[in-house]
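Asker: Below is the file run.cif, with mmCIF, N, CA and C atoms.
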data_model
loop_
_atom_site.label_atom_id
_atom_site.label_comp_id
_atom_site.auth_asym_id
_atom_site.auth_seq_id
_atom_site.Cartn_x
_atom_site.Cartn_y
_atom_site.Cartn_z
N ARG A 13 272.88 179.72 30.96
CA ARG A 13 273.15 178.50 31.71
C ARG A 13 271.86 177.71 31.82
N PHE A 14 271.91 176.40 31.53
CA PHE A 14 270.72 175.55 31.55
C PHE A 14 270.78 174.58 32.71
N GLY A 15 269.61 174.33 33.26
CA GLY A 15 269.51 173.37 34.36
C GLY A 15 269.25 171.97 33.84
N SER A 16 268.87 171.10 34.73
CA SER A 16 268.67 169.69 34.38
C SER A 16 267.52 169.48 33.42
N ASN A 17 266.57 170.40 33.37
CA ASN A 17 265.45 170.21 32.44
C ASN A 17 265.65 170.97 31.13
N GLY A 18 266.80 171.64 30.97
CA GLY A 18 267.12 172.31 29.73
C GLY A 18 266.54 173.70 29.59
N TYR A 19 265.83 174.20 30.59
CA TYR A 19 265.20 175.50 30.48
C TYR A 19 265.83 176.57 31.37
N GLY A 20 266.82 176.22 32.11
CA GLY A 20 267.47 177.22 32.94
C GLY A 20 267.04 177.14 34.40
N ASN A 21 267.73 177.91 35.24
CA ASN A 21 267.51 177.83 36.68
C ASN A 21 266.12 178.27 37.12
N TYR A 22 265.51 179.22 36.42
CA TYR A 22 264.19 179.68 36.81
C TYR A 22 263.21 178.51 36.88
N TYR A 23 263.22 177.67 35.84
CA TYR A 23 262.28 176.56 35.81
C TYR A 23 262.69 175.45 36.77
N ASP A 24 263.99 175.29 36.98
CA ASP A 24 264.43 174.32 37.98
C ASP A 24 263.89 174.71 39.34
N ASN A 25 264.03 175.99 39.70
CA ASN A 25 263.53 176.46 41.00
C ASN A 25 262.01 176.33 41.07
N TYR A 26 261.35 176.66 39.97
CA TYR A 26 259.89 176.56 39.95
C TYR A 26 259.45 175.12 40.19
N ASP A 27 260.10 174.17 39.49
CA ASP A 27 259.74 172.77 39.67
C ASP A 27 259.99 172.34 41.10
N TYR A 28 261.11 172.75 41.67
CA TYR A 28 261.43 172.37 43.03
C TYR A 28 260.43 172.98 44.01
N ASN A 29 260.11 174.25 43.81
CA ASN A 29 259.17 174.91 44.71
C ASN A 29 257.78 174.27 44.64
N ALA A 30 257.34 173.93 43.44
CA ALA A 30 256.04 173.28 43.28
C ALA A 30 256.05 171.93 43.99
N TYR A 31 257.15 171.18 43.82
CA TYR A 31 257.25 169.88 44.47
C TYR A 31 257.29 170.05 45.99
N SER A 32 258.06 171.01 46.46
CA SER A 32 258.17 171.27 47.89
C SER A 32 256.82 171.64 48.47
N TYR A 33 256.07 172.49 47.78
CA TYR A 33 254.74 172.89 48.25
C TYR A 33 253.83 171.67 48.31
N GLN A 34 253.89 170.83 47.27
CA GLN A 34 253.03 169.66 47.21
C GLN A 34 253.36 168.72 48.38
N GLN A 35 254.62 168.51 48.64
CA GLN A 35 255.02 167.65 49.74
C GLN A 35 254.56 168.23 51.08
N GLN A 36 254.71 169.52 51.26
CA GLN A 36 254.30 170.16 52.50
C GLN A 36 252.80 170.02 52.69
N TYR A 37 252.03 170.24 51.62
CA TYR A 37 250.58 170.15 51.69
C TYR A 37 250.14 168.73 52.01
N ARG A 38 250.77 167.76 51.36
CA ARG A 38 250.38 166.38 51.60
C ARG A 38 250.73 165.91 52.99
N SER A 39 251.79 166.42 53.57
CA SER A 39 252.21 165.93 54.87
C SER A 39 251.68 166.78 56.02
N ALA A 40 250.89 167.80 55.72
CA ALA A 40 250.33 168.63 56.78
C ALA A 40 249.42 167.78 57.65
N ASP A 41 249.38 168.10 58.94
CA ASP A 41 248.61 167.32 59.90
C ASP A 41 247.17 167.81 59.94
N TYR A 42 246.29 167.11 59.24
CA TYR A 42 244.87 167.44 59.23
C TYR A 42 244.11 166.30 59.89
N GLY A 43 243.87 166.39 61.17
CA GLY A 43 243.12 165.35 61.86
C GLY A 43 243.98 164.13 62.10
N ILE A 44 243.43 162.96 61.84
CA ILE A 44 244.12 161.70 62.08
C ILE A 44 245.32 161.57 61.16
N ASP A 45 246.46 161.19 61.72
CA ASP A 45 247.67 160.97 60.92
C ASP A 45 247.63 159.55 60.38
N PHE A 46 247.18 159.39 59.15
CA PHE A 46 246.98 158.07 58.55
C PHE A 46 248.28 157.33 58.32
N SER A 47 249.41 158.01 58.26
CA SER A 47 250.67 157.34 57.98
C SER A 47 251.14 156.48 59.14
N ASN A 48 250.71 156.76 60.35
CA ASN A 48 251.19 156.02 61.52
C ASN A 48 250.12 155.13 62.14
N LEU A 49 249.05 154.88 61.42
CA LEU A 49 247.97 154.09 61.99
C LEU A 49 248.34 152.62 62.07
N ASN A 50 247.89 152.04 63.11
CA ASN A 50 248.09 150.64 63.38
C ASN A 50 246.86 149.88 62.88
N VAL A 51 247.05 148.74 62.26
CA VAL A 51 245.94 147.93 61.77
C VAL A 51 245.02 147.55 62.92
N ILE A 52 245.58 147.27 64.06
CA ILE A 52 244.77 146.91 65.24
C ILE A 52 243.86 148.06 65.65
N GLN A 53 244.36 149.30 65.55
CA GLN A 53 243.52 150.46 65.86
C GLN A 53 242.33 150.53 64.92
N TRP A 54 242.58 150.32 63.63
CA TRP A 54 241.49 150.36 62.65
C TRP A 54 240.48 149.25 62.90
N ILE A 55 240.94 148.07 63.18
CA ILE A 55 240.03 146.95 63.45
C ILE A 55 239.19 147.24 64.68
N SER A 56 239.82 147.74 65.71
CA SER A 56 239.11 148.09 66.93
C SER A 56 238.05 149.15 66.68
N MET A 57 238.41 150.16 65.93
CA MET A 57 237.48 151.24 65.61
C MET A 57 236.30 150.71 64.79
N MET A 58 236.57 149.93 63.77
CA MET A 58 235.50 149.39 62.92
C MET A 58 234.59 148.45 63.70
N GLN A 59 235.16 147.67 64.60
CA GLN A 59 234.35 146.77 65.43
C GLN A 59 233.42 147.58 66.33
N GLU A 60 233.92 148.65 66.89
CA GLU A 60 233.11 149.51 67.75
C GLU A 60 231.98 150.17 66.95
N VAL A 61 232.29 150.66 65.77
CA VAL A 61 231.27 151.26 64.91
C VAL A 61 230.21 150.22 64.57
N TYR A 62 230.63 149.04 64.19
CA TYR A 62 229.70 147.98 63.80
C TYR A 62 228.80 147.59 64.97
N ASP A 63 229.36 147.47 66.16
CA ASP A 63 228.61 147.04 67.34
C ASP A 63 227.66 148.11 67.88
N LYS A 64 228.08 149.37 67.82
CA LYS A 64 227.35 150.40 68.56
C LYS A 64 226.58 151.42 67.72
N PHE A 65 226.98 151.62 66.47
CA PHE A 65 226.33 152.64 65.66
C PHE A 65 225.11 152.05 64.95
N ASP A 66 223.94 152.63 65.21
CA ASP A 66 222.71 152.19 64.56
C ASP A 66 222.47 153.06 63.33
N TYR A 67 222.89 152.59 62.17
CA TYR A 67 222.81 153.39 60.96
C TYR A 67 221.38 153.59 60.48
N ASN A 68 220.41 152.85 61.02
CA ASN A 68 219.01 153.05 60.67
C ASN A 68 218.34 154.15 61.50
N ASP A 69 219.00 154.57 62.55
CA ASP A 69 218.44 155.57 63.47
C ASP A 69 218.83 156.98 62.99
N MET A 70 217.83 157.78 62.63
CA MET A 70 218.10 159.14 62.12
C MET A 70 218.82 159.99 63.16
N GLU A 71 218.51 159.82 64.43
CA GLU A 71 219.19 160.59 65.48
C GLU A 71 220.68 160.28 65.48
N CYS A 72 221.04 159.02 65.27
CA CYS A 72 222.46 158.65 65.22
C CYS A 72 223.14 159.20 63.97
N GLN A 73 222.45 159.17 62.85
CA GLN A 73 223.01 159.74 61.64
C GLN A 73 223.25 161.24 61.81
N LYS A 74 222.30 161.91 62.42
CA LYS A 74 222.42 163.36 62.62
C LYS A 74 223.54 163.68 63.62
N ARG A 75 223.67 162.86 64.67
CA ARG A 75 224.76 163.09 65.63
C ARG A 75 226.11 162.92 64.95
N LEU A 76 226.24 161.92 64.09
CA LEU A 76 227.49 161.70 63.38
C LEU A 76 227.83 162.91 62.52
N ILE A 77 226.88 163.42 61.76
CA ILE A 77 227.10 164.60 60.92
C ILE A 77 227.53 165.77 61.79
N CYS A 78 226.80 165.99 62.88
CA CYS A 78 227.09 167.09 63.79
C CYS A 78 228.51 166.98 64.35
N GLU A 79 228.88 165.80 64.84
CA GLU A 79 230.21 165.62 65.44
C GLU A 79 231.33 165.83 64.44
N VAL A 80 231.16 165.32 63.25
CA VAL A 80 232.21 165.49 62.23
C VAL A 80 232.39 166.97 61.92
N MET A 81 231.29 167.69 61.80
CA MET A 81 231.39 169.12 61.48
C MET A 81 231.90 169.95 62.66
N GLN A 82 231.57 169.52 63.86
CA GLN A 82 231.92 170.30 65.04
C GLN A 82 233.34 170.03 65.54
N SER A 83 234.00 169.01 65.01
CA SER A 83 235.30 168.59 65.56
C SER A 83 236.39 168.46 64.51
N PRO A 84 236.78 169.55 63.87
CA PRO A 84 237.84 169.44 62.87
C PRO A 84 239.17 169.00 63.47
N GLU A 85 239.37 169.18 64.76
CA GLU A 85 240.62 168.74 65.39
C GLU A 85 240.74 167.22 65.39
N TYR A 86 239.63 166.50 65.26
CA TYR A 86 239.66 165.04 65.19
C TYR A 86 239.45 164.51 63.78
N PHE A 87 238.67 165.22 62.97
CA PHE A 87 238.30 164.72 61.65
C PHE A 87 238.99 165.45 60.52
N GLY A 88 239.75 166.48 60.82
CA GLY A 88 240.56 167.17 59.83
C GLY A 88 239.78 167.72 58.66
N GLU A 89 240.31 167.49 57.47
CA GLU A 89 239.71 168.02 56.25
C GLU A 89 238.31 167.47 56.00
N VAL A 90 238.01 166.32 56.54
CA VAL A 90 236.68 165.74 56.36
C VAL A 90 235.63 166.71 56.91
N SER A 91 235.93 167.35 58.04
CA SER A 91 235.00 168.33 58.62
C SER A 91 234.72 169.45 57.63
N ASP A 92 235.76 169.96 57.03
CA ASP A 92 235.59 171.05 56.06
C ASP A 92 234.80 170.59 54.84
N LYS A 93 235.08 169.39 54.37
CA LYS A 93 234.38 168.88 53.19
C LYS A 93 232.89 168.65 53.49
N VAL A 94 232.59 168.13 54.66
CA VAL A 94 231.19 167.92 55.04
C VAL A 94 230.48 169.27 55.16
N ARG A 95 231.15 170.22 55.78
CA ARG A 95 230.56 171.57 55.92
C ARG A 95 230.28 172.17 54.54
N SER A 96 231.23 172.09 53.64
CA SER A 96 231.04 172.61 52.28
C SER A 96 229.92 171.87 51.57
N GLY A 97 229.87 170.57 51.74
CA GLY A 97 228.82 169.78 51.11
C GLY A 97 227.43 170.21 51.54
N PHE A 98 227.27 170.50 52.81
CA PHE A 98 225.95 170.92 53.28
C PHE A 98 225.63 172.36 52.89
N GLU A 99 226.64 173.16 52.70
CA GLU A 99 226.38 174.51 52.17
C GLU A 99 225.81 174.40 50.76
N TYR A 100 226.35 173.50 49.95
CA TYR A 100 225.83 173.28 48.60
C TYR A 100 224.48 172.56 48.63
N ALA A 101 224.29 171.67 49.60
CA ALA A 101 223.05 170.90 49.68
C ALA A 101 221.83 171.79 49.90
N ARG A 102 222.05 172.94 50.50
CA ARG A 102 220.93 173.86 50.72
C ARG A 102 220.28 174.26 49.39
N TYR A 103 221.05 174.29 48.33
CA TYR A 103 220.50 174.66 47.02
C TYR A 103 219.59 173.56 46.46
N LEU A 104 219.75 172.34 46.94
CA LEU A 104 218.90 171.24 46.47
C LEU A 104 217.45 171.44 46.89
N GLU A 105 217.23 172.24 47.93
CA GLU A 105 215.87 172.48 48.40
C GLU A 105 215.01 173.15 47.33
N PHE A 106 215.64 173.81 46.38
CA PHE A 106 214.90 174.51 45.33
C PHE A 106 214.53 173.58 44.17
N LEU A 107 215.06 172.38 44.18
CA LEU A 107 214.79 171.44 43.09
C LEU A 107 213.59 170.56 43.43
N SER A 108 212.98 170.05 42.41
CA SER A 108 211.90 169.10 42.59
C SER A 108 212.54 167.74 42.88
N MET A 109 212.15 167.13 44.00
CA MET A 109 212.69 165.83 44.37
C MET A 109 211.64 165.04 45.14
N PRO A 110 211.80 163.74 45.22
CA PRO A 110 210.83 162.92 45.96
C PRO A 110 210.73 163.35 47.43
N ASP A 111 209.56 163.21 47.99
CA ASP A 111 209.33 163.64 49.37
C ASP A 111 210.25 162.94 50.36
N ASP A 112 210.48 161.64 50.17
CA ASP A 112 211.35 160.90 51.09
C ASP A 112 212.76 161.47 51.09
N PHE A 113 213.27 161.76 49.91
CA PHE A 113 214.61 162.33 49.80
C PHE A 113 214.66 163.72 50.45
N ARG A 114 213.63 164.52 50.22
CA ARG A 114 213.56 165.86 50.79
C ARG A 114 213.55 165.81 52.33
N GLU A 115 212.82 164.85 52.89
CA GLU A 115 212.76 164.70 54.35
C GLU A 115 214.14 164.38 54.93
N VAL A 116 214.83 163.45 54.30
CA VAL A 116 216.17 163.08 54.77
C VAL A 116 217.12 164.27 54.63
N LEU A 117 217.06 164.95 53.51
CA LEU A 117 217.90 166.12 53.29
C LEU A 117 217.64 167.18 54.35
N ASP A 118 216.38 167.44 54.66
CA ASP A 118 216.04 168.41 55.70
C ASP A 118 216.60 168.01 57.06
N GLU A 119 216.53 166.72 57.38
CA GLU A 119 217.08 166.23 58.65
C GLU A 119 218.60 166.44 58.70
N TYR A 120 219.28 166.12 57.61
CA TYR A 120 220.73 166.27 57.56
C TYR A 120 221.14 167.75 57.63
N ILE A 121 220.40 168.60 56.96
CA ILE A 121 220.70 170.03 57.02
C ILE A 121 220.48 170.55 58.44
N ASP A 122 219.45 170.05 59.11
CA ASP A 122 219.21 170.40 60.51
C ASP A 122 220.43 170.03 61.36
N ALA A 123 220.95 168.83 61.15
CA ALA A 123 222.14 168.39 61.90
C ALA A 123 223.33 169.30 61.62
N SER A 124 223.50 169.69 60.36
CA SER A 124 224.64 170.56 60.02
C SER A 124 224.49 171.94 60.64
N GLU A 125 223.27 172.44 60.74
CA GLU A 125 223.04 173.74 61.37
C GLU A 125 223.28 173.69 62.87
N ARG A 126 222.90 172.59 63.50
CA ARG A 126 223.12 172.46 64.95
C ARG A 126 224.60 172.33 65.29
N ALA A 127 225.39 171.84 64.35
CA ALA A 127 226.83 171.73 64.58
C ALA A 127 227.47 173.10 64.81
N ILE A 128 226.83 174.12 64.29
CA ILE A 128 227.36 175.48 64.44
C ILE A 128 227.00 176.07 65.80
N GLY A 129 226.00 175.48 66.46
CA GLY A 129 225.53 175.99 67.75
C GLY A 129 226.53 175.82 68.88
N GLN A 130 226.14 176.29 70.04
CA GLN A 130 227.00 176.27 71.23
C GLN A 130 226.96 174.93 71.98
N LYS A 131 225.88 174.19 71.83
CA LYS A 131 225.73 172.94 72.55
C LYS A 131 226.54 171.82 71.89
N THR A 132 226.75 170.74 72.67
CA THR A 132 227.40 169.57 72.09
C THR A 132 226.38 168.79 71.29
N CYS A 133 226.84 167.97 70.41
CA CYS A 133 225.95 167.16 69.58
C CYS A 133 225.15 166.18 70.43
N GLN A 134 225.75 165.73 71.51
CA GLN A 134 225.07 164.81 72.42
C GLN A 134 223.82 165.47 73.02
N GLU A 135 223.89 166.76 73.28
CA GLU A 135 222.74 167.48 73.83
C GLU A 135 221.61 167.60 72.81
N TYR A 136 221.92 167.63 71.54
CA TYR A 136 220.91 167.77 70.50
C TYR A 136 220.27 166.45 70.10
N PHE A 137 221.07 165.40 70.03
CA PHE A 137 220.60 164.16 69.42
C PHE A 137 220.66 162.99 70.39
N ASP A 138 219.56 162.26 70.46
CA ASP A 138 219.42 161.14 71.37
C ASP A 138 219.96 159.87 70.72
N CYS A 139 221.26 159.71 70.79
CA CYS A 139 221.93 158.54 70.23
C CYS A 139 223.08 158.18 71.17
N PRO A 140 223.17 156.93 71.60
CA PRO A 140 224.22 156.55 72.55
C PRO A 140 225.63 156.49 71.96
N TYR A 141 225.75 156.39 70.64
CA TYR A 141 227.07 156.23 70.01
C TYR A 141 227.65 157.58 69.61
N SER A 142 228.92 157.76 69.92
CA SER A 142 229.65 158.97 69.52
C SER A 142 230.87 158.58 68.69
N LEU A 143 230.87 158.96 67.44
CA LEU A 143 232.02 158.71 66.57
C LEU A 143 233.24 159.47 67.10
N LYS A 144 233.03 160.68 67.56
CA LYS A 144 234.13 161.48 68.10
C LYS A 144 234.80 160.76 69.27
N ASP A 145 234.01 160.24 70.21
CA ASP A 145 234.58 159.53 71.35
C ASP A 145 235.31 158.27 70.91
N SER A 146 234.78 157.61 69.89
CA SER A 146 235.43 156.41 69.37
C SER A 146 236.78 156.75 68.75
N VAL A 147 236.83 157.84 68.00
CA VAL A 147 238.10 158.28 67.41
C VAL A 147 239.09 158.64 68.50
N LYS A 148 238.63 159.35 69.52
CA LYS A 148 239.52 159.70 70.65
C LYS A 148 240.10 158.44 71.29
N ARG A 149 239.22 157.48 71.58
CA ARG A 149 239.65 156.26 72.25
C ARG A 149 240.64 155.47 71.42
N ASN A 150 240.35 155.33 70.13
CA ASN A 150 241.15 154.44 69.30
C ASN A 150 242.39 155.06 68.69
N PHE A 151 242.39 156.38 68.49
CA PHE A 151 243.52 157.01 67.80
C PHE A 151 244.28 158.03 68.63
N TYR A 152 243.72 158.43 69.75
CA TYR A 152 244.38 159.43 70.58
C TYR A 152 244.63 158.92 71.98
N GLY A 153 244.69 157.61 72.16
CA GLY A 153 245.10 157.00 73.42
C GLY A 153 244.22 157.26 74.61
N ASN A 154 242.95 156.86 74.53
CA ASN A 154 242.04 156.98 75.66
C ASN A 154 241.96 158.37 76.23
N ALA A 155 241.85 159.36 75.39
CA ALA A 155 241.85 160.76 75.82
C ALA A 155 240.48 161.25 76.26
N LEU A 156 239.61 160.34 76.69
CA LEU A 156 238.26 160.76 77.11
C LEU A 156 238.26 161.33 78.51
#
Translate the structure described by the file into structure tokens.
Answerer:
Amino acid sequence: RFGSNGYGNYYDNYDYNAYSYQQQYRSADYGIDFSNLNVIQWISMMQEVYDKFDYNDMECQKRLICEVMQSPEYFGEVSDKVRSGFEYARYLEFLSMPDDFREVLDEYIDASERAIGQKTCQEYFDCPYSLKDSVKRNFYGNAL
């Protein structure tokens, strides 16, 4: 007996199961649910980032890295990807690179290591802006 693809029920079930798994994986709730986001929420969030985040301040950059890594419940898979990225970045220390790049890399690795600690990122880094608090305010209904 042949199924719709001409190969029989085994392959029909396999195709269905693969599709079902893919759909389940894609719709899993990892951090912010992008499917229900409001354009106004995004505009508000971007305006807050633009107004308050000092991207030239190393302390603010390090706090952002720390918060993203320390809060997978808010940043979802991004937290895991950042964590993995810094695990690989440690190997860059063995390569010859310009001093300026090495200094920035060392600072970022420091931020990633502090994210594993017991303290909050605010306690480690002197930066008034918190990306985590901004995400809470804009996407989780003033949950501060």
Asker: When you count only N, CA and C atoms, which of these residues is closest to Lys144 (chain A): A:Phe87, A:Tyr67, A:Phe98, A:Trp54?
Answerer: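 The shortest atom-to-atom distance to Lys144 (chain A) comes from A:Phe87.
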Asker: When you look at Arg114 (chain A) with a cut-off of 8 Å (counting all atoms listed in the file), what residues show up, excluding the ones that are within fewer than 6 positions of it in the same chain? I need them as a ChimeraX atom specification.
Answerer: /A:104-105,120
Asker: Just to confirm, what's the straight-line distance from CA of Ala123 (chain A) to CA of Ile77 (chain A) in Å (one decimal)?
Answerer: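 Going from CA of Ala123 (chain A) over to CA of Ile77 (chain A) covers 6.3 Å.
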Asker: Name every residue that the PyMOL selection byres ((chain A and resi 131-136) around 6) selects in this structure, writing the answer as a PDB file with N, CA and C atoms, keeping the file's coordinate frame with chains first and numbers rising.
Answerer:
ATOM      1  N   ARG A  75     223.670 162.860  64.670  1.00  0.00           N
ATOM      2  CA  ARG A  75     224.760 163.090  65.630  1.00  0.00           C
ATOM      3  C   ARG A  75     226.110 162.920  64.950  1.00  0.00           C
ATOM      4  N   CYS A  78     226.800 165.990  62.880  1.00  0.00           N
ATOM      5  CA  CYS A  78     227.090 167.090  63.790  1.00  0.00           C
ATOM      6  C   CYS A  78     228.510 166.980  64.350  1.00  0.00           C
ATOM      7  N   GLU A  79     228.880 165.800  64.840  1.00  0.00           N
ATOM      8  CA  GLU A  79     230.210 165.620  65.440  1.00  0.00           C
ATOM      9  C   GLU A  79     231.330 165.830  64.440  1.00  0.00           C
ATOM     10  N   GLY A 129     226.000 175.480  66.460  1.00  0.00           N
ATOM     11  CA  GLY A 129     225.530 175.990  67.750  1.00  0.00           C
ATOM     12  C   GLY A 129     226.530 175.820  68.880  1.00  0.00           C
ATOM     13  N   GLN A 130     226.140 176.290  70.040  1.00  0.00           N
ATOM     14  CA  GLN A 130     227.000 176.270  71.230  1.00  0.00           C
ATOM     15  C   GLN A 130     226.960 174.930  71.980  1.00  0.00           C
ATOM     16  N   PHE A 137     221.070 165.400  70.030  1.00  0.00           N
ATOM     17  CA  PHE A 137     220.600 164.160  69.420  1.00  0.00           C
ATOM     18  C   PHE A 137     220.660 162.990  70.390  1.00  0.00           C
ATOM     19  N   ASP A 138     219.560 162.260  70.460  1.00  0.00           N
ATOM     20  CA  ASP A 138     219.420 161.140  71.370  1.00  0.00           C
ATOM     21  C   ASP A 138     219.960 159.870  70.720  1.00  0.00           C
TER      22      ASP A 138
END
Asker: Need the shell around Phe65 (chain A): protein/DNA/RNA residues with any atom at most 7 Å away, counting all atoms listed in the file. Skip same-chain ones fewer than 4 positions apart. Format as number ranges by chain?
Answerer: A: 60-61, 141
Asker: Around (237.1, 155.4, 66.7) in the file's own coordinates, what residues are found within 8 Å if you use only N, CA and C atoms, given back as a list of chain:residue names?
Answerer: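 These residues have at least one counted atom within 8 Å: A:Gln53, A:Trp54, A:Ser56, A:Met57, A:Met58, A:Glu60, A:Val61, A:Ser142, A:Leu143, A:Lys144, A:Asp145, A:Ser146, A:Val147, A:Lys148, A:Arg149, A:Asn150, A:Phe151, A:Tyr152.
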Asker: Pick out the closest residue to Arg102 (chain A) from this set: A:Tyr62, A:Ile121, A:Glu85, A:Val90. Count all atoms listed in the file.
Answerer: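 Checking each candidate against Arg102 (chain A), we get A:Ile121 as the closest.
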Asker: To one decimal place, how far is atom N of Asp63 (chain A) from atom N of Ser91 (chain A) in Å?
Answerer: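 Separation between atom N of Asp63 (chain A) and atom N of Ser91 (chain A): 22.5 Å.
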Asker: Between atom C of Val94 (chain A) and CA of Pro110 (chain A), what is the spacing in Å?
Answerer: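 Atom C of Val94 (chain A) lies at a distance of 22.6 Å from CA of Pro110 (chain A).
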